[in-house]
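K.L.:
My file is query-v7.cif. It has mmCIF, C-alpha atoms:
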data_coords
#
loop_
_atom_site.group_PDB
_atom_site.id
_atom_site.type_symbol
_atom_site.label_atom_id
_atom_site.label_comp_id
_atom_site.auth_asym_id
_atom_site.auth_seq_id
_atom_site.Cartn_x
_atom_site.Cartn_y
_atom_site.Cartn_z
ATOM 1 C CA MET A 1 103.148 113.019 96.404
ATOM 2 C CA TYR A 2 104.445 113.480 92.824
ATOM 3 C CA LYS A 3 101.289 115.368 91.794
ATOM 4 C CA LEU A 4 101.607 117.651 94.830
ATOM 5 C CA ILE A 5 105.206 118.535 93.908
ATOM 6 C CA ILE A 6 104.199 119.326 90.306
ATOM 7 C CA TYR A 7 101.257 121.413 91.511
ATOM 8 C CA LEU A 8 103.422 123.417 93.918
ATOM 9 C CA ALA A 9 106.148 123.920 91.314
ATOM 10 C CA LEU A 10 103.645 125.278 88.802
ATOM 11 C CA SER A 11 101.944 127.428 91.425
ATOM 12 C CA PHE A 12 105.164 129.125 92.444
ATOM 13 C CA GLY A 13 106.562 129.436 88.929
ATOM 14 C CA ILE A 14 109.411 127.019 89.483
ATOM 15 C CA ILE A 15 108.557 125.215 86.268
ATOM 16 C CA GLN A 16 108.198 127.587 83.349
ATOM 17 C CA VAL A 17 105.855 126.879 80.480
ATOM 18 C CA HIS A 18 107.624 127.441 77.167
ATOM 19 C CA ALA A 19 106.445 130.422 75.183
ATOM 20 C CA ALA A 20 105.802 130.137 71.476
ATOM 21 C CA GLU A 21 108.381 131.435 69.030
ATOM 22 C CA HIS A 22 107.321 133.250 65.859
ATOM 23 C CA THR A 23 109.250 134.535 62.844
ATOM 24 C CA VAL A 24 108.935 137.892 61.111
ATOM 25 C CA LYS A 25 110.996 138.392 57.965
ATOM 26 C CA LEU A 26 112.292 141.846 57.035
ATOM 27 C CA VAL A 27 112.077 141.589 53.244
ATOM 28 C CA THR A 28 113.812 143.686 50.587
ATOM 29 C CA SER A 29 111.827 142.316 47.633
ATOM 30 C CA GLY A 30 109.152 139.669 47.371
ATOM 31 C CA SER A 31 108.329 137.255 44.558
ATOM 32 C CA ASP A 32 105.289 139.384 43.652
ATOM 33 C CA GLY A 33 107.418 142.509 43.087
ATOM 34 C CA ALA A 34 106.585 144.126 46.438
ATOM 35 C CA THR A 35 109.535 145.799 48.157
ATOM 36 C CA MET A 36 110.520 146.770 51.681
ATOM 37 C CA PHE A 37 107.977 144.995 53.876
ATOM 38 C CA MET A 38 107.590 142.877 56.996
ATOM 39 C CA GLU A 39 106.284 139.347 56.522
ATOM 40 C CA PRO A 40 103.826 139.155 58.171
ATOM 41 C CA GLY A 41 103.068 142.849 58.593
ATOM 42 C CA TYR A 42 100.624 142.065 61.414
ATOM 43 C CA ILE A 43 101.012 139.282 63.929
ATOM 44 C CA LYS A 44 99.008 138.395 67.026
ATOM 45 C CA ILE A 45 100.876 136.576 69.773
ATOM 46 C CA ASN A 46 100.455 135.718 73.443
ATOM 47 C CA LYS A 47 102.119 137.434 76.378
ATOM 48 C CA GLY A 48 105.577 135.940 76.876
ATOM 49 C CA ASP A 49 105.956 134.822 73.247
ATOM 50 C CA VAL A 50 109.116 135.524 71.269
ATOM 51 C CA ILE A 51 109.484 136.954 67.771
ATOM 52 C CA ASN A 52 112.600 136.119 65.797
ATOM 53 C CA PHE A 53 113.196 139.041 63.409
ATOM 54 C CA ILE A 54 115.084 137.810 60.314
ATOM 55 C CA PRO A 55 116.462 140.529 57.984
ATOM 56 C CA SER A 56 116.947 139.632 54.312
ATOM 57 C CA ASP A 57 120.017 141.876 54.076
ATOM 58 C CA ALA A 58 122.369 144.066 56.104
ATOM 59 C CA SER A 59 120.274 147.228 55.715
ATOM 60 C CA HIS A 60 117.283 146.044 57.789
ATOM 61 C CA ASN A 61 116.440 146.206 61.473
ATOM 62 C CA ALA A 62 113.299 146.236 63.640
ATOM 63 C CA GLN A 63 112.844 149.177 66.006
ATOM 64 C CA SER A 64 109.761 149.911 68.086
ATOM 65 C CA PHE A 65 108.248 153.379 67.910
ATOM 66 C CA SER A 66 105.070 152.809 69.902
ATOM 67 C CA VAL A 67 104.736 150.349 72.782
ATOM 68 C CA PRO A 68 102.139 149.812 75.530
ATOM 69 C CA LYS A 69 102.561 151.851 78.697
ATOM 70 C CA GLY A 70 105.196 150.205 80.869
ATOM 71 C CA ALA A 71 106.525 148.001 78.061
ATOM 72 C CA LYS A 72 110.158 147.970 77.060
ATOM 73 C CA ALA A 73 111.086 149.458 73.666
ATOM 74 C CA PHE A 74 113.256 147.325 71.387
ATOM 75 C CA MET A 75 115.761 147.755 68.565
ATOM 76 C CA THR A 76 117.402 144.862 66.742
ATOM 77 C CA PRO A 77 120.872 145.154 65.170
ATOM 78 C CA PHE A 78 121.144 145.820 61.429
ATOM 79 C CA GLY A 79 121.423 142.733 59.239
ATOM 80 C CA GLN A 80 121.387 140.211 62.083
ATOM 81 C CA PRO A 81 118.612 137.910 63.272
ATOM 82 C CA ALA A 82 117.403 138.890 66.731
ATOM 83 C CA LYS A 83 114.824 137.586 69.188
ATOM 84 C CA VAL A 84 112.495 139.867 71.135
ATOM 85 C CA THR A 85 110.283 138.672 73.998
ATOM 86 C CA PHE A 86 106.943 140.447 74.452
ATOM 87 C CA ASP A 87 106.040 140.434 78.157
ATOM 88 C CA LYS A 88 103.350 143.127 78.198
ATOM 89 C CA GLU A 89 99.946 142.934 76.506
ATOM 90 C CA GLY A 90 99.072 145.594 73.960
ATOM 91 C CA VAL A 91 99.947 146.871 70.509
ATOM 92 C CA TYR A 92 103.553 147.388 69.432
ATOM 93 C CA LEU A 93 104.352 149.340 66.268
ATOM 94 C CA TYR A 94 107.794 148.895 64.788
ATOM 95 C CA LYS A 95 109.767 150.005 61.729
ATOM 96 C CA CYS A 96 112.875 149.343 59.743
ATOM 97 C CA LEU A 97 114.736 152.548 60.525
ATOM 98 C CA PRO A 98 116.260 153.213 57.076
ATOM 99 C CA HIS A 99 113.131 152.172 55.175
ATOM 100 C CA ILE A 100 110.253 153.685 57.149
ATOM 101 C CA VAL A 101 109.840 156.312 54.426
ATOM 102 C CA MET A 102 109.059 153.406 52.081
ATOM 103 C CA GLY A 103 106.384 152.109 54.453
ATOM 104 C CA MET A 104 108.416 149.302 56.012
ATOM 105 C CA VAL A 105 106.461 149.022 59.260
ATOM 106 C CA GLY A 106 104.840 146.231 61.243
ATOM 107 C CA LEU A 107 102.370 145.677 64.056
ATOM 108 C CA VAL A 108 102.480 143.134 66.882
ATOM 109 C CA GLN A 109 99.361 142.534 68.964
ATOM 110 C CA VAL A 110 100.111 140.846 72.249
ATOM 111 C CA GLY A 111 97.075 139.290 73.891
ATOM 112 C CA SER A 112 94.078 141.573 74.355
ATOM 113 C CA ALA A 113 95.283 144.939 73.129
ATOM 114 C CA GLU A 114 93.832 148.009 74.825
ATOM 115 C CA ASN A 115 96.305 150.781 73.942
#
Just dump the structure as structure tokens.
P.N.:
Amino acid sequence: MYKLIIYLALSFGIIQVHAAEHTVKLVTSGSDGATMFMEPGYIKINKGDVINFIPSDASHNAQSFSVPKGAKAFMTPFGQPAKVTFDKEGVYLYKCLPHIVMGMVGLVQVGSAEN
């Protein structure tokens, strides 16, 4: 009976499987002298996973500028850690708004990207 209850709960989504959580740092300057970059600049995750964007100072944020069709755009607050859940497969391009001219961009691939 116990196995049947677990099976039914999983089948109907009553029990949620925990998504993985990843970290992307928004870095002003690295130990190698590089400046204004995302660490990592490219990350591949699974549908439903969460990215915790961690800015190194108050001038950084993460803002999408290209998302898969039907996906929700995102923008994190300046200087504050923020979590974003990626529920749609595809490629997401994002930037630090004040530092895009310096090449501060990143790419998230969610699952099998087709866009």
K.L.:
Report the closest atom pair, with its distance in Å rounded to one decimal, for each residue of region 34-98 of chain A that has an atom no farther than 9 Å from region 106-114 of chain A; count only C-alpha atoms, sort by chain and then rising residue number, and write it as a Markdown table.
P.N.:
| residue | atom | partner | partner_atom | distance |
| --- | --- | --- | --- | --- |
| A:Phe37 | CA | A:Gly106 | CA | 8.1 |
| A:Met38 | CA | A:Gly106 | CA | 6.1 |
| A:Glu39 | CA | A:Gly106 | CA | 8.5 |
| A:Pro40 | CA | A:Gly106 | CA | 7.8 |
| A:Gly41 | CA | A:Gly106 | CA | 4.6 |
| A:Tyr42 | CA | A:Leu107 | CA | 4.8 |
| A:Ile43 | CA | A:Val108 | CA | 5.1 |
| A:Lys44 | CA | A:Gln109 | CA | 4.6 |
| A:Ile45 | CA | A:Val110 | CA | 5.0 |
| A:Asn46 | CA | A:Gly111 | CA | 4.9 |
| A:Lys47 | CA | A:Val110 | CA | 5.7 |
| A:Gly48 | CA | A:Val110 | CA | 8.7 |
| A:Asp49 | CA | A:Val110 | CA | 8.5 |
| A:Ala62 | CA | A:Gly106 | CA | 8.8 |
| A:Pro68 | CA | A:Glu114 | CA | 8.5 |
| A:Phe86 | CA | A:Val110 | CA | 7.2 |
| A:Asp87 | CA | A:Val110 | CA | 8.4 |
| A:Lys88 | CA | A:Val110 | CA | 7.1 |
| A:Glu89 | CA | A:Val110 | CA | 4.7 |
| A:Gly90 | CA | A:Ala113 | CA | 3.9 |
| A:Val91 | CA | A:Gln109 | CA | 4.6 |
| A:Tyr92 | CA | A:Val108 | CA | 5.1 |
| A:Leu93 | CA | A:Leu107 | CA | 4.7 |
| A:Tyr94 | CA | A:Gly106 | CA | 5.3 |
| A:Lys95 | CA | A:Gly106 | CA | 6.2 |
| A:Cys96 | CA | A:Gly106 | CA | 8.7 |
K.L.:
Please produce an output containing C-alpha atoms for each residue in the selection, written as a PDB file, in the frame of the given file.
P.N.:
ATOM      1  CA  PHE A  37     107.977 144.995  53.876  1.00  0.00           C
ATOM      2  CA  MET A  38     107.590 142.877  56.996  1.00  0.00           C
ATOM      3  CA  GLU A  39     106.284 139.347  56.522  1.00  0.00           C
ATOM      4  CA  PRO A  40     103.826 139.155  58.171  1.00  0.00           C
ATOM      5  CA  GLY A  41     103.068 142.849  58.593  1.00  0.00           C
ATOM      6  CA  TYR A  42     100.624 142.065  61.414  1.00  0.00           C
ATOM      7  CA  ILE A  43     101.012 139.282  63.929  1.00  0.00           C
ATOM      8  CA  LYS A  44      99.008 138.395  67.026  1.00  0.00           C
ATOM      9  CA  ILE A  45     100.876 136.576  69.773  1.00  0.00           C
ATOM     10  CA  ASN A  46     100.455 135.718  73.443  1.00  0.00           C
ATOM     11  CA  LYS A  47     102.119 137.434  76.378  1.00  0.00           C
ATOM     12  CA  GLY A  48     105.577 135.940  76.876  1.00  0.00           C
ATOM     13  CA  ASP A  49     105.956 134.822  73.247  1.00  0.00           C
ATOM     14  CA  ALA A  62     113.299 146.236  63.640  1.00  0.00           C
ATOM     15  CA  PRO A  68     102.139 149.812  75.530  1.00  0.00           C
ATOM     16  CA  PHE A  86     106.943 140.447  74.452  1.00  0.00           C
ATOM     17  CA  ASP A  87     106.040 140.434  78.157  1.00  0.00           C
ATOM     18  CA  LYS A  88     103.350 143.127  78.198  1.00  0.00           C
ATOM     19  CA  GLU A  89      99.946 142.934  76.506  1.00  0.00           C
ATOM     20  CA  GLY A  90      99.072 145.594  73.960  1.00  0.00           C
ATOM     21  CA  VAL A  91      99.947 146.871  70.509  1.00  0.00           C
ATOM     22  CA  TYR A  92     103.553 147.388  69.432  1.00  0.00           C
ATOM     23  CA  LEU A  93     104.352 149.340  66.268  1.00  0.00           C
ATOM     24  CA  TYR A  94     107.794 148.895  64.788  1.00  0.00           C
ATOM     25  CA  LYS A  95     109.767 150.005  61.729  1.00  0.00           C
ATOM     26  CA  CYS A  96     112.875 149.343  59.743  1.00  0.00           C
TER      27      CYS A  96
END
K.L.:
Using only C-alpha atoms, which protein or nucleic acid residues come within 10 Å of Thr35 (chain A)? Drop anything in the same chain fewer than 6 positions from it, and give the result as a list of chain:residue names.
P.N.:
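Neighbouring residues, sequence-local ones excluded: A:Val27, A:Thr28, A:Ser29, A:Met102, A:Gly103, A:Met104.
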K.L.:
Applying 12 Å and all atoms listed in the file, which residues near Pro81 (chain A) remain after dropping the ones on its own chain fewer than 5 positions away? List them as a ChimeraX atom specification.
P.N.:
/A:23-26,51-58,60-62,75-76
K.L.:
Could those selected residues go to a file with C-alpha atoms, as a short mmCIF file (atom, residue, chain, number, x, y, z; two decimals), in the frame of the given file?
P.N.:
data_model
loop_
_atom_site.label_atom_id
_atom_site.label_comp_id
_atom_site.auth_asym_id
_atom_site.auth_seq_id
_atom_site.Cartn_x
_atom_site.Cartn_y
_atom_site.Cartn_z
CA THR A 23 109.25 134.54 62.84
CA VAL A 24 108.94 137.89 61.11
CA LYS A 25 111.00 138.39 57.96
CA LEU A 26 112.29 141.85 57.04
CA ILE A 51 109.48 136.95 67.77
CA ASN A 52 112.60 136.12 65.80
CA PHE A 53 113.20 139.04 63.41
CA ILE A 54 115.08 137.81 60.31
CA PRO A 55 116.46 140.53 57.98
CA SER A 56 116.95 139.63 54.31
CA ASP A 57 120.02 141.88 54.08
CA ALA A 58 122.37 144.07 56.10
CA HIS A 60 117.28 146.04 57.79
CA ASN A 61 116.44 146.21 61.47
CA ALA A 62 113.30 146.24 63.64
CA MET A 75 115.76 147.76 68.56
CA THR A 76 117.40 144.86 66.74
#
K.L.:
Looking at A:Ala73, A:Ile100, A:Ala34, A:Val50, which one is nearest to Ala20 (chain A), with distances taken over all atoms listed in the file?
P.N.:
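Between A:Ala73, A:Ile100, A:Ala34, A:Val50, the residue approaching Ala20 (chain A) most closely is A:Val50.
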K.L.:
Using all atoms listed in the file, pick whichever of A:Lys69, A:Met36, A:Ser59, A:Glu21 has the shortest atom-to-atom distance to Val84 (chain A).
P.N.:
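Closest to Val84 (chain A), using all atoms listed in the file: A:Glu21.
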K.L.:
Please measure the separation of CA of Val105 (chain A) and CA of Gly33 (chain A), giving the value in Å to one decimal.
P.N.:
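One can read the CA of Val105 (chain A) to CA of Gly33 (chain A) distance as 17.5 Å.
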K.L.:
Quick one: pull the distance between CA of Pro77 (chain A) and CA of Leu97 (chain A), Å, one decimal.
P.N.:
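For CA of Pro77 (chain A) relative to CA of Leu97 (chain A), the distance reads 10.7 Å.
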K.L.:
When you count only C-alpha atoms, which of these residues is closest to Phe78 (chain A): A:Ser31, A:His18, A:His99, A:Ser66?
P.N.:
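Smallest separation from Phe78 (chain A) among the options: A:His99.
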K.L.:
Using only C-alpha atoms, which of the listed residues (A:Thr85, A:Phe74, A:Gly79, A:Val67) sits closest to Ala19 (chain A)?
P.N.:
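Of A:Thr85, A:Phe74, A:Gly79, A:Val67, the one nearest Ala19 (chain A), counting only C-alpha atoms, is A:Thr85.
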